[in-house]
$ cat query_15.cif   # mmCIF, C-alpha atoms and all ligand atoms
data_structure
#
loop_
_atom_site.group_PDB
_atom_site.id
_atom_site.type_symbol
_atom_site.label_atom_id
_atom_site.label_comp_id
_atom_site.auth_asym_id
_atom_site.auth_seq_id
_atom_site.Cartn_x
_atom_site.Cartn_y
_atom_site.Cartn_z
ATOM 1 C CA MET A 952 40.283 30.620 -12.146
ATOM 2 C CA GLN A 953 39.780 34.283 -12.922
ATOM 3 C CA ILE A 954 42.160 35.847 -15.463
ATOM 4 C CA VAL A 955 41.221 39.518 -15.347
ATOM 5 C CA ASP A 956 41.879 41.333 -12.055
ATOM 6 C CA PHE A 957 40.021 44.479 -11.027
ATOM 7 C CA GLU A 958 40.817 47.067 -8.393
ATOM 8 C CA GLN A 959 39.164 50.433 -7.785
ATOM 9 C CA LYS A 960 41.373 53.367 -6.742
ATOM 10 C CA GLY A 961 39.152 56.403 -6.192
ATOM 11 C CA ARG A 962 37.495 57.126 -9.536
ATOM 12 C CA VAL A 963 39.983 54.955 -11.443
ATOM 13 C CA ALA A 964 39.498 51.253 -12.252
ATOM 14 C CA VAL A 965 42.741 49.308 -12.583
ATOM 15 C CA VAL A 966 42.318 46.198 -14.706
ATOM 16 C CA THR A 967 45.135 43.664 -15.027
ATOM 17 C CA LEU A 968 45.371 40.816 -17.517
ATOM 18 C CA ASN A 969 46.782 38.101 -15.310
ATOM 19 C CA ARG A 970 47.891 35.045 -17.262
ATOM 20 C CA PRO A 971 51.623 35.799 -17.382
ATOM 21 C CA GLU A 972 52.628 32.200 -18.078
ATOM 22 C CA ALA A 973 50.972 32.589 -21.512
ATOM 23 C CA LEU A 974 52.111 36.215 -21.918
ATOM 24 C CA ASN A 975 48.469 37.203 -21.315
ATOM 25 C CA ALA A 976 47.409 35.689 -24.638
ATOM 26 C CA LEU A 977 43.810 36.691 -25.217
ATOM 27 C CA ASN A 978 41.688 33.553 -24.969
ATOM 28 C CA TYR A 979 37.898 33.357 -24.936
ATOM 29 C CA GLN A 980 37.792 33.553 -21.139
ATOM 30 C CA THR A 981 39.879 36.750 -21.089
ATOM 31 C CA MET A 982 37.612 38.353 -23.670
ATOM 32 C CA THR A 983 34.456 37.311 -21.815
ATOM 33 C CA GLU A 984 35.705 38.515 -18.406
ATOM 34 C CA LEU A 985 37.114 41.759 -19.773
ATOM 35 C CA SER A 986 34.056 42.682 -21.824
ATOM 36 C CA ALA A 987 31.708 41.944 -18.872
ATOM 37 C CA LEU A 988 33.920 44.023 -16.581
ATOM 38 C CA ILE A 989 34.065 46.996 -18.927
ATOM 39 C CA VAL A 990 30.256 47.019 -19.225
ATOM 40 C CA GLN A 991 30.037 47.168 -15.395
ATOM 41 C CA ILE A 992 32.647 49.933 -15.286
ATOM 42 C CA ASP A 993 30.746 51.918 -17.899
ATOM 43 C CA ARG A 994 27.574 51.698 -15.786
ATOM 44 C CA ASN A 995 29.285 52.448 -12.458
ATOM 45 C CA PRO A 996 28.860 56.160 -11.620
ATOM 46 C CA GLU A 997 31.769 55.971 -9.140
ATOM 47 C CA ILE A 998 34.290 55.203 -11.896
ATOM 48 C CA ALA A 999 35.433 57.728 -14.487
ATOM 49 C CA VAL A 1000 38.535 56.180 -16.065
ATOM 50 C CA THR A 1001 40.066 52.722 -16.538
ATOM 51 C CA VAL A 1002 43.736 51.776 -16.699
ATOM 52 C CA ILE A 1003 44.432 48.395 -18.271
ATOM 53 C CA THR A 1004 47.773 46.655 -18.023
ATOM 54 C CA GLY A 1005 49.304 43.174 -18.069
ATOM 55 C CA ALA A 1006 50.991 41.082 -15.377
ATOM 56 C CA GLY A 1007 54.525 39.916 -16.126
ATOM 57 C CA ARG A 1008 56.506 40.717 -19.258
ATOM 58 C CA ALA A 1009 53.593 41.192 -21.679
ATOM 59 C CA PHE A 1010 50.631 43.486 -22.040
ATOM 60 C CA ALA A 1011 49.200 40.739 -24.291
ATOM 61 C CA ALA A 1012 51.079 38.662 -26.871
ATOM 62 C CA GLY A 1013 48.014 38.405 -29.100
ATOM 63 C CA ALA A 1014 44.996 36.212 -29.455
ATOM 64 C CA ASP A 1015 45.573 32.777 -27.951
ATOM 65 C CA ILE A 1016 47.109 30.872 -30.851
ATOM 66 C CA LYS A 1017 46.752 27.472 -29.186
ATOM 67 C CA GLU A 1018 43.043 28.047 -28.582
ATOM 68 C CA MET A 1019 42.441 29.409 -32.104
ATOM 69 C CA ALA A 1020 44.511 26.870 -34.016
ATOM 70 C CA GLY A 1021 41.903 24.117 -34.252
ATOM 71 C CA ARG A 1022 38.916 26.302 -35.084
ATOM 72 C CA ASP A 1023 37.188 26.283 -38.449
ATOM 73 C CA VAL A 1024 35.237 28.870 -40.394
ATOM 74 C CA ALA A 1025 31.919 27.889 -38.830
ATOM 75 C CA ASP A 1026 33.330 28.431 -35.331
ATOM 76 C CA MET A 1027 35.048 31.711 -36.119
ATOM 77 C CA TYR A 1028 32.469 33.295 -38.418
ATOM 78 C CA LEU A 1029 29.061 31.890 -37.507
ATOM 79 C CA ASN A 1030 29.641 32.142 -33.747
ATOM 80 C CA ASP A 1031 31.225 35.590 -34.135
ATOM 81 C CA TYR A 1032 33.984 34.266 -31.928
ATOM 82 C CA PHE A 1033 35.600 37.623 -31.155
ATOM 83 C CA ALA A 1034 32.431 39.751 -30.822
ATOM 84 C CA GLY A 1035 33.165 40.410 -27.116
ATOM 85 C CA TRP A 1036 35.907 42.798 -28.155
ATOM 86 C CA ASP A 1037 33.276 45.099 -29.663
ATOM 87 C CA ALA A 1038 31.833 45.518 -26.154
ATOM 88 C CA PHE A 1039 35.264 46.521 -24.874
ATOM 89 C CA ALA A 1040 35.722 49.074 -27.664
ATOM 90 C CA ALA A 1041 32.231 50.489 -27.004
ATOM 91 C CA CYS A 1042 33.126 51.708 -23.483
ATOM 92 C CA ARG A 1043 32.051 55.359 -23.210
ATOM 93 C CA LYS A 1044 34.546 56.210 -20.469
ATOM 94 C CA PRO A 1045 38.244 56.737 -21.217
ATOM 95 C CA VAL A 1046 40.473 53.680 -21.085
ATOM 96 C CA ILE A 1047 44.256 54.004 -20.784
ATOM 97 C CA ALA A 1048 46.439 51.119 -21.926
ATOM 98 C CA ALA A 1049 49.562 50.954 -19.740
ATOM 99 C CA VAL A 1050 51.646 48.766 -22.050
ATOM 100 C CA ASN A 1051 54.234 47.045 -19.880
ATOM 101 C CA GLY A 1052 55.802 44.688 -22.456
ATOM 102 C CA PHE A 1053 54.763 42.786 -25.589
ATOM 103 C CA ALA A 1054 51.647 44.153 -27.316
ATOM 104 C CA LEU A 1055 51.423 41.882 -30.334
ATOM 105 C CA GLY A 1056 48.608 40.992 -32.698
ATOM 106 C CA GLY A 1057 45.380 41.144 -30.715
ATOM 107 C CA GLY A 1058 47.390 42.693 -27.845
ATOM 108 C CA CYS A 1059 48.373 45.647 -30.022
ATOM 109 C CA GLU A 1060 44.794 45.797 -31.292
ATOM 110 C CA LEU A 1061 43.471 45.808 -27.710
ATOM 111 C CA ALA A 1062 45.819 48.687 -26.857
ATOM 112 C CA MET A 1063 44.533 50.563 -29.910
ATOM 113 C CA MET A 1064 40.922 50.117 -28.728
ATOM 114 C CA CYS A 1065 41.968 52.217 -25.726
ATOM 115 C CA ASP A 1066 42.038 56.006 -25.767
ATOM 116 C CA LEU A 1067 45.558 56.674 -24.544
ATOM 117 C CA ILE A 1068 48.470 54.272 -24.860
ATOM 118 C CA ILE A 1069 51.188 54.871 -22.295
ATOM 119 C CA ALA A 1070 54.111 52.585 -23.041
ATOM 120 C CA SER A 1071 56.959 51.348 -20.887
ATOM 121 C CA ASP A 1072 60.309 52.028 -22.527
ATOM 122 C CA LYS A 1073 60.586 48.228 -22.710
ATOM 123 C CA ALA A 1074 57.303 47.780 -24.597
ATOM 124 C CA LYS A 1075 57.233 46.144 -28.028
ATOM 125 C CA PHE A 1076 54.421 46.487 -30.543
ATOM 126 C CA GLY A 1077 53.686 44.401 -33.609
ATOM 127 C CA GLN A 1078 51.103 42.825 -35.893
ATOM 128 C CA PRO A 1079 52.824 39.486 -36.544
ATOM 129 C CA GLU A 1080 49.701 37.583 -37.691
ATOM 130 C CA ILE A 1081 51.072 37.210 -41.230
ATOM 131 C CA LYS A 1082 53.659 34.817 -39.811
ATOM 132 C CA LEU A 1083 50.760 32.573 -38.742
ATOM 133 C CA GLY A 1084 49.115 32.632 -42.161
ATOM 134 C CA VAL A 1085 46.471 35.167 -41.150
ATOM 135 C CA THR A 1086 46.069 38.939 -40.773
ATOM 136 C CA PRO A 1087 44.997 41.337 -38.019
ATOM 137 C CA GLY A 1088 41.436 40.419 -37.025
ATOM 138 C CA MET A 1089 40.554 42.615 -34.042
ATOM 139 C CA GLY A 1090 40.506 45.962 -35.849
ATOM 140 C CA GLY A 1091 44.256 46.326 -36.416
ATOM 141 C CA SER A 1092 44.183 47.072 -40.126
ATOM 142 C CA ILE A 1093 41.853 50.025 -39.638
ATOM 143 C CA ARG A 1094 42.941 51.360 -36.224
ATOM 144 C CA LEU A 1095 46.653 51.019 -36.959
ATOM 145 C CA THR A 1096 46.342 52.693 -40.359
ATOM 146 C CA LYS A 1097 44.333 55.554 -38.864
ATOM 147 C CA ALA A 1098 46.869 55.915 -36.048
ATOM 148 C CA ILE A 1099 50.143 55.806 -37.969
ATOM 149 C CA GLY A 1100 49.258 56.086 -41.688
ATOM 150 C CA LYS A 1101 49.586 53.701 -44.603
ATOM 151 C CA ALA A 1102 53.379 53.614 -44.932
ATOM 152 C CA LYS A 1103 54.052 52.458 -41.387
ATOM 153 C CA ALA A 1104 50.934 50.294 -41.096
ATOM 154 C CA MET A 1105 51.809 48.392 -44.287
ATOM 155 C CA ASP A 1106 55.340 47.895 -42.982
ATOM 156 C CA MET A 1107 54.115 46.436 -39.679
ATOM 157 C CA VAL A 1108 51.262 44.322 -41.105
ATOM 158 C CA LEU A 1109 53.138 42.945 -44.124
ATOM 159 C CA THR A 1110 56.513 42.256 -42.514
ATOM 160 C CA GLY A 1111 55.200 41.407 -39.032
ATOM 161 C CA ARG A 1112 58.217 43.151 -37.517
ATOM 162 C CA MET A 1113 58.140 44.367 -33.930
ATOM 163 C CA ILE A 1114 58.778 48.014 -33.131
ATOM 164 C CA ASP A 1115 60.082 49.342 -29.840
ATOM 165 C CA ALA A 1116 58.516 52.038 -27.676
ATOM 166 C CA ALA A 1117 60.740 54.788 -29.098
ATOM 167 C CA GLU A 1118 59.615 54.039 -32.657
ATOM 168 C CA ALA A 1119 55.999 53.672 -31.523
ATOM 169 C CA ASP A 1120 56.258 57.126 -29.963
ATOM 170 C CA ARG A 1121 57.914 58.639 -33.043
ATOM 171 C CA ILE A 1122 55.219 57.369 -35.413
ATOM 172 C CA GLY A 1123 52.309 58.356 -33.179
ATOM 173 C CA LEU A 1124 51.128 54.912 -32.064
ATOM 174 C CA VAL A 1125 51.482 55.788 -28.375
ATOM 175 C CA SER A 1126 50.594 58.878 -26.348
ATOM 176 C CA ARG A 1127 53.596 58.770 -24.014
ATOM 177 C CA VAL A 1128 56.584 56.605 -23.080
ATOM 178 C CA ALA A 1129 57.537 56.158 -19.418
ATOM 179 C CA PRO A 1130 60.554 54.508 -17.776
ATOM 180 C CA HIS A 1131 59.527 50.897 -17.145
ATOM 181 C CA ASP A 1132 59.479 51.199 -13.340
ATOM 182 C CA GLU A 1133 57.362 54.348 -13.494
ATOM 183 C CA LEU A 1134 54.794 53.099 -15.990
ATOM 184 C CA MET A 1135 51.912 52.647 -13.562
ATOM 185 C CA THR A 1136 52.691 55.921 -11.759
ATOM 186 C CA VAL A 1137 52.572 57.838 -15.037
ATOM 187 C CA ALA A 1138 49.431 56.004 -16.198
ATOM 188 C CA MET A 1139 47.683 56.572 -12.848
ATOM 189 C CA GLU A 1140 48.609 60.271 -12.871
ATOM 190 C CA ALA A 1141 47.064 60.649 -16.315
ATOM 191 C CA ALA A 1142 43.987 58.675 -15.203
ATOM 192 C CA GLU A 1143 43.568 60.744 -12.033
ATOM 193 C CA THR A 1144 43.928 63.989 -13.971
ATOM 194 C CA ILE A 1145 41.097 62.946 -16.286
ATOM 195 C CA ALA A 1146 39.024 61.536 -13.406
ATOM 196 C CA GLY A 1147 39.282 64.932 -11.677
ATOM 197 C CA TYR A 1148 37.086 66.497 -14.375
ATOM 198 C CA GLY A 1149 33.308 66.169 -14.702
ATOM 199 C CA LEU A 1150 31.960 63.018 -16.376
ATOM 200 C CA PRO A 1151 29.685 64.823 -18.863
ATOM 201 C CA ALA A 1152 32.687 66.657 -20.342
ATOM 202 C CA ILE A 1153 34.883 63.539 -20.163
ATOM 203 C CA LEU A 1154 32.322 61.445 -22.060
ATOM 204 C CA ALA A 1155 31.716 64.184 -24.611
ATOM 205 C CA ALA A 1156 35.459 64.671 -25.181
ATOM 206 C CA LYS A 1157 36.020 60.953 -25.742
ATOM 207 C CA GLU A 1158 33.016 60.686 -28.028
ATOM 208 C CA MET A 1159 33.909 63.659 -30.221
ATOM 209 C CA VAL A 1160 37.572 62.688 -30.700
ATOM 210 C CA GLY A 1161 36.464 59.118 -31.467
ATOM 211 C CA ARG A 1162 33.960 60.345 -34.046
ATOM 212 C CA ALA A 1163 36.597 62.614 -35.594
ATOM 213 C CA LEU A 1164 38.214 59.514 -37.075
ATOM 214 C CA GLU A 1165 34.981 58.491 -38.763
ATOM 215 C CA LEU A 1166 33.213 61.655 -39.871
ATOM 216 C CA PRO A 1167 33.908 64.107 -42.704
ATOM 217 C CA THR A 1168 35.216 67.441 -41.355
ATOM 218 C CA THR A 1169 31.990 69.435 -41.733
ATOM 219 C CA GLU A 1170 29.954 66.735 -39.993
ATOM 220 C CA GLY A 1171 32.607 66.385 -37.286
ATOM 221 C CA VAL A 1172 32.580 70.106 -36.579
ATOM 222 C CA ARG A 1173 28.772 70.047 -36.338
ATOM 223 C CA PHE A 1174 28.846 67.007 -34.065
ATOM 224 C CA GLU A 1175 31.401 68.707 -31.817
ATOM 225 C CA ARG A 1176 29.306 71.876 -31.691
ATOM 226 C CA ARG A 1177 26.177 69.951 -30.681
ATOM 227 C CA LEU A 1178 27.982 68.260 -27.801
ATOM 228 C CA PHE A 1179 29.758 71.481 -26.804
ATOM 229 C CA THR A 1180 26.435 73.329 -26.750
ATOM 230 C CA ALA A 1181 24.755 70.533 -24.772
ATOM 231 C CA LEU A 1182 27.400 70.850 -22.055
ATOM 232 C CA PHE A 1183 26.011 74.330 -21.297
ATOM 233 C CA ALA A 1184 23.039 72.507 -19.748
ATOM 234 C CA THR A 1185 25.325 71.002 -17.075
ATOM 235 C CA GLU A 1186 26.052 72.260 -13.579
ATOM 236 C CA ASP A 1187 29.689 71.379 -14.227
ATOM 237 C CA GLN A 1188 29.923 74.002 -16.986
ATOM 238 C CA LYS A 1189 28.540 76.692 -14.638
ATOM 239 C CA GLU A 1190 30.875 75.530 -11.868
ATOM 240 C CA GLY A 1191 33.957 75.247 -14.093
ATOM 241 C CA MET A 1192 33.578 78.726 -15.519
ATOM 242 C CA ALA A 1193 32.594 80.303 -12.179
ATOM 243 C CA ALA A 1194 35.611 78.699 -10.508
ATOM 244 C CA PHE A 1195 37.900 80.128 -13.190
ATOM 245 C CA ALA A 1196 36.509 83.632 -12.648
ATOM 246 C CA GLU A 1197 36.745 83.262 -8.859
ATOM 247 C CA LYS A 1198 40.302 81.884 -9.073
ATOM 248 C CA ARG A 1199 39.488 78.685 -7.149
ATOM 249 C CA PRO A 1200 39.557 74.971 -8.036
ATOM 250 C CA PRO A 1201 36.242 73.733 -9.489
ATOM 251 C CA GLN A 1202 34.081 71.215 -7.627
ATOM 252 C CA PHE A 1203 32.598 69.089 -10.393
ATOM 253 C CA LYS A 1204 29.516 66.986 -9.616
ATOM 254 C CA ASP A 1205 29.106 64.933 -12.824
ATOM 255 C CA ARG A 1206 25.858 66.807 -13.367
HETATM 256 N N1 LIG A 1301 48.991 32.511 -27.843
HETATM 257 C C1 LIG A 1301 49.183 31.457 -27.012
HETATM 258 N N2 LIG A 1301 50.282 31.288 -26.242
HETATM 259 C C2 LIG A 1301 51.240 32.245 -26.330
HETATM 260 C C3 LIG A 1301 51.113 33.361 -27.175
HETATM 261 C C4 LIG A 1301 49.923 33.488 -27.955
HETATM 262 N N3 LIG A 1301 49.679 34.527 -28.757
HETATM 263 N N4 LIG A 1301 52.243 34.108 -27.068
HETATM 264 C C5 LIG A 1301 53.025 33.481 -26.174
HETATM 265 N N5 LIG A 1301 52.431 32.348 -25.728
HETATM 266 C C6 LIG A 1301 52.941 31.401 -24.758
HETATM 267 C C7 LIG A 1301 54.045 30.534 -25.362
HETATM 268 O O1 LIG A 1301 53.491 29.484 -26.106
HETATM 269 C C8 LIG A 1301 54.769 30.088 -24.132
HETATM 270 O O2 LIG A 1301 54.032 29.048 -23.521
HETATM 271 P P1 LIG A 1301 54.757 27.656 -23.097
HETATM 272 O O3 LIG A 1301 55.718 28.088 -22.026
HETATM 273 O O4 LIG A 1301 53.635 26.820 -22.607
HETATM 274 O O5 LIG A 1301 55.441 27.165 -24.326
HETATM 275 C C9 LIG A 1301 54.684 31.292 -23.210
HETATM 276 O O6 LIG A 1301 53.594 32.089 -23.697
HETATM 277 C C10 LIG A 1301 55.943 32.157 -23.245
HETATM 278 O O7 LIG A 1301 56.208 32.488 -24.592
HETATM 279 P P2 LIG A 1301 57.631 32.197 -25.302
HETATM 280 O O8 LIG A 1301 58.301 31.030 -24.683
HETATM 281 O O9 LIG A 1301 57.382 32.140 -26.773
HETATM 282 O O10 LIG A 1301 58.423 33.521 -24.909
HETATM 283 P P3 LIG A 1301 59.600 34.222 -25.730
HETATM 284 O O11 LIG A 1301 60.162 35.284 -24.868
HETATM 285 O O12 LIG A 1301 60.522 33.202 -26.297
HETATM 286 O O13 LIG A 1301 58.868 34.929 -26.993
HETATM 287 C C11 LIG A 1301 57.164 36.226 -28.083
HETATM 288 C C12 LIG A 1301 57.958 35.974 -26.782
HETATM 289 C C13 LIG A 1301 58.080 36.785 -29.162
HETATM 290 C C14 LIG A 1301 56.081 37.256 -27.737
HETATM 291 C C15 LIG A 1301 56.516 34.912 -28.571
HETATM 292 O O14 LIG A 1301 55.839 34.287 -27.491
HETATM 293 C C16 LIG A 1301 55.547 35.075 -29.699
HETATM 294 O O15 LIG A 1301 55.946 35.260 -30.832
HETATM 295 N N6 LIG A 1301 54.224 34.978 -29.402
HETATM 296 C C17 LIG A 1301 53.198 35.014 -30.408
HETATM 297 C C18 LIG A 1301 52.960 36.420 -30.880
HETATM 298 C C19 LIG A 1301 51.919 36.424 -31.960
HETATM 299 O O16 LIG A 1301 52.092 35.832 -33.025
HETATM 300 N N7 LIG A 1301 50.789 37.123 -31.726
HETATM 301 C C20 LIG A 1301 49.714 37.210 -32.674
HETATM 302 C C21 LIG A 1301 48.680 36.159 -32.399
HETATM 303 S S1 LIG A 1301 47.399 36.111 -33.627
HETATM 304 C C22 LIG A 1301 46.397 37.371 -33.204
HETATM 305 O O17 LIG A 1301 46.600 38.054 -32.260
HETATM 306 C C23 LIG A 1301 45.209 37.597 -34.099
HETATM 307 C C24 LIG A 1301 44.269 38.623 -33.487
HETATM 308 C C25 LIG A 1301 42.992 38.726 -34.234
HETATM 309 C C26 LIG A 1301 42.068 37.620 -33.963
HETATM 310 C C27 LIG A 1301 40.671 38.043 -34.209
HETATM 311 C C28 LIG A 1301 39.962 37.064 -35.131
HETATM 312 C C29 LIG A 1301 38.522 37.466 -35.361
#

$ encode --input "query_15.cif" --output "structure tokens"
Amino acid sequence: MQIVDFEQKGRVAVVTLNRPEALNALNYQTMTELSALIVQIDRNPEIAVTVITGAGRAFAAGADIKEMAGRDVADMYLNDYFAGWDAFAACRKPVIAAVNGFALGGGCELAMMCDLIIASDKAKFGQPEIKLGVTPGMGGSIRLTKAIGKAKAMDMVLTGRMIDAAEADRIGLVSRVAPHDELMTVAMEAAETIAGYGLPAILAAKEMVGRALELPTTEGVRFERRLFTALFATEDQKEGMAAFAEKRPPQFKDR
């Protein structure tokens, strides 16, 4: 049975992790379905933005502990057991995590692979792997530290404590917090706003902010300038600026 649901609403893909009985724990099947889906979304010219959420009371309560428990080093390391997540993180189009509940371990790490995290006021975030005798393994140590800094990242990774949406907002882990019942409305509004712009600028914006976390400032500024300059070769740039001058809404063509 399929675990990851997909629905297209205009230029927005809505992806739902649908294994609520296991709190959407991320097993091999989830990773395989989700990474294949995101590759298709990336290639689909009709889709500009993805919203990912979870069915039930969790976004995802981490990697599937029951599935992982019996594995040995050869399985985990030689078979690069979690490599599918790299495909998810490599998506060039914006992905919004609409975090509806628990985002723990790999679930928190999945949310951090996304570009915006919009959290329900009932959401809970944590990196509790230390309680299982391991550590974050899907990018949490680096993405969490870059997102919230050493002091808070050490606190979460070493104690394994859960934080609520208000704290996640205060420390900069999430972009916005929405009342639980309005989560998908708020996430879809954000997605539709982005999807209303031209894809060349959307892709460039995502790429340059992503690279900002990895490049020294001088290189980052140069990288930004190259992409900014390249956008002057697009019809969307001509249209966007003409529409401003003519006081009308722009009609972007993704060209
Ligand atoms: N894996 C498998 N099953 C899970 C998981 C999980 N991560 N989380 C919950 N479940 C299952 C439970 O076993 C339970 O199933 P069953 O009904 O068959 O017993 C069902 O979901 C409901 O869960 P609970 O009964 O426990 O619900 P509670 O409300 O009592 O508790 C909690 C909710 C607090 C979220 C609790 O379920 C919990 O602590 N879950 C585990 C959280 C966790 O430790 N996550 C980290 C996992 S490790 C990880 O993510 C590593 C990522 C990096 C790997 C990359 C390696 C390269």

$ resolve_selection --input "query_15.cif" --expression "the PyMOL selection byres (((chain A and resi 1075) around 6) and not hetatm)" --output "list in words"
Gly1052, Phe1053, Ala1054, Ala1074, Phe1076, Ile1114 and Asp1115 of chain A

$ write_last_selection --input "query_15.cif" --atoms "C-alpha atoms" --output "mmCIF file, in the frame of the given file"
data_model
loop_
_atom_site.group_PDB
_atom_site.id
_atom_site.type_symbol
_atom_site.label_atom_id
_atom_site.label_comp_id
_atom_site.auth_asym_id
_atom_site.auth_seq_id
_atom_site.Cartn_x
_atom_site.Cartn_y
_atom_site.Cartn_z
ATOM 1 C CA GLY A 1052 55.802 44.688 -22.456
ATOM 2 C CA PHE A 1053 54.763 42.786 -25.589
ATOM 3 C CA ALA A 1054 51.647 44.153 -27.316
ATOM 4 C CA ALA A 1074 57.303 47.780 -24.597
ATOM 5 C CA PHE A 1076 54.421 46.487 -30.543
ATOM 6 C CA ILE A 1114 58.778 48.014 -33.131
ATOM 7 C CA ASP A 1115 60.082 49.342 -29.840
#

$ residues_around --input "query_15.cif" --residues "region 1059-1073 of chain A" --least-positions-apart "2" --cutoff "7 Å" --atoms "all atoms listed in the file" --output "ChimeraX atom specification"
/A:1040,1045-1052,1054-1057,1075-1077,1089-1091,1094,1116,1125-1131,1134,1138

$ write_last_selection --input "query_15.cif" --atoms "C-alpha atoms" --output "compact mmCIF listing (two decimals), keeping the file's coordinate frame"
# COMPACT_ATOMS: atom_id res chain seq x y z
CA ALA A 1040 35.72 49.07 -27.66
CA PRO A 1045 38.24 56.74 -21.22
CA VAL A 1046 40.47 53.68 -21.08
CA ILE A 1047 44.26 54.00 -20.78
CA ALA A 1048 46.44 51.12 -21.93
CA ALA A 1049 49.56 50.95 -19.74
CA VAL A 1050 51.65 48.77 -22.05
CA ASN A 1051 54.23 47.04 -19.88
CA GLY A 1052 55.80 44.69 -22.46
CA ALA A 1054 51.65 44.15 -27.32
CA LEU A 1055 51.42 41.88 -30.33
CA GLY A 1056 48.61 40.99 -32.70
CA GLY A 1057 45.38 41.14 -30.72
CA LYS A 1075 57.23 46.14 -28.03
CA PHE A 1076 54.42 46.49 -30.54
CA GLY A 1077 53.69 44.40 -33.61
CA MET A 1089 40.55 42.62 -34.04
CA GLY A 1090 40.51 45.96 -35.85
CA GLY A 1091 44.26 46.33 -36.42
CA ARG A 1094 42.94 51.36 -36.22
CA ALA A 1116 58.52 52.04 -27.68
CA VAL A 1125 51.48 55.79 -28.38
CA SER A 1126 50.59 58.88 -26.35
CA ARG A 1127 53.60 58.77 -24.01
CA VAL A 1128 56.58 56.60 -23.08
CA ALA A 1129 57.54 56.16 -19.42
CA PRO A 1130 60.55 54.51 -17.78
CA HIS A 1131 59.53 50.90 -17.14
CA LEU A 1134 54.79 53.10 -15.99
CA ALA A 1138 49.43 56.00 -16.20

$ resolve_selection --input "query_15.cif" --expression "the PyMOL selection byres (((not hetatm)) within 7 of (chain A and resi 1301))" --output "PyMOL selection string"
chain A and resi 972-974+976+1012-1017+1027+1032-1033+1053+1055-1058+1078-1080+1083+1086-1089

$ atom_distance --input "query_15.cif" --atom1 "CA of Ala1146 (chain A)" --atom2 "CA of Phe1203 (chain A)"
10.4 Å

$ closest_residue --input "query_15.cif" --among "A:Ala1009, A:Leu1150, A:Leu985, A:Ala1117" --to "Leu1182 (chain A)" --atoms "all atoms listed in the file"
A:Leu1150

$ residues_around --input "query_15.cif" --residues "Lys960 (chain A)" --least-positions-apart "4" --cutoff "12 Å" --atoms "all atoms listed in the file" --output "ChimeraX atom specification"
/A:964-966,997-1002,1139-1140,1142-1143,1146

$ closest_residue --input "query_15.cif" --among "A:Arg994, A:Arg1022, A:Lys1198, A:Lys1044" --to "Ile1153 (chain A)" --atoms "all atoms listed in the file"
A:Lys1044

$ closest_residue --input "query_15.cif" --among "A:Pro1200, A:Gly1035, A:Gly1123, A:Gly1111" --to "Leu988 (chain A)" --atoms "all atoms listed in the file"
A:Gly1035

$ atom_distance --input "query_15.cif" --atom1 "CA of Ala1141 (chain A)" --atom2 "CA of Arg1121 (chain A)"
20.0 Å

$ closest_residue --input "query_15.cif" --among "A:Phe957, A:Phe1174, A:Phe1195, A:Tyr979" --to "Met1159 (chain A)" --atoms "all atoms listed in the file"
A:Phe1174

$ atom_distance --input "query_15.cif" --atom1 "CA of Asp956 (chain A)" --atom2 "CA of Thr981 (chain A)"
10.3 Å

$ resolve_selection --input "query_15.cif" --expression "the PyMOL selection byres (((chain A and resi 1005) around 7) and not hetatm)" --output "number ranges by chain"
A: 967-969, 975, 1004, 1006-1007, 1009-1011, 1051

$ write_last_selection --input "query_15.cif" --atoms "C-alpha atoms" --output "CSV table (one decimal), in the frame of the given file"
chain,number,residue,atom,x,y,z
A,967,THR,CA,45.1,43.7,-15.0
A,968,LEU,CA,45.4,40.8,-17.5
A,969,ASN,CA,46.8,38.1,-15.3
A,975,ASN,CA,48.5,37.2,-21.3
A,1004,THR,CA,47.8,46.7,-18.0
A,1006,ALA,CA,51.0,41.1,-15.4
A,1007,GLY,CA,54.5,39.9,-16.1
A,1009,ALA,CA,53.6,41.2,-21.7
A,1010,PHE,CA,50.6,43.5,-22.0
A,1011,ALA,CA,49.2,40.7,-24.3
A,1051,ASN,CA,54.2,47.0,-19.9

$ closest_residue --input "query_15.cif" --among "A:Thr1185, A:Gly1147, A:Phe1039, A:Glu1190" --to "Gly961 (chain A)" --atoms "all atoms listed in the file"
A:Gly1147

$ closest_residue --input "query_15.cif" --among "A:Gly1149, A:Thr1136, A:Val963, A:Val1085" --to "Lys1189 (chain A)" --atoms "all atoms listed in the file"
A:Gly1149
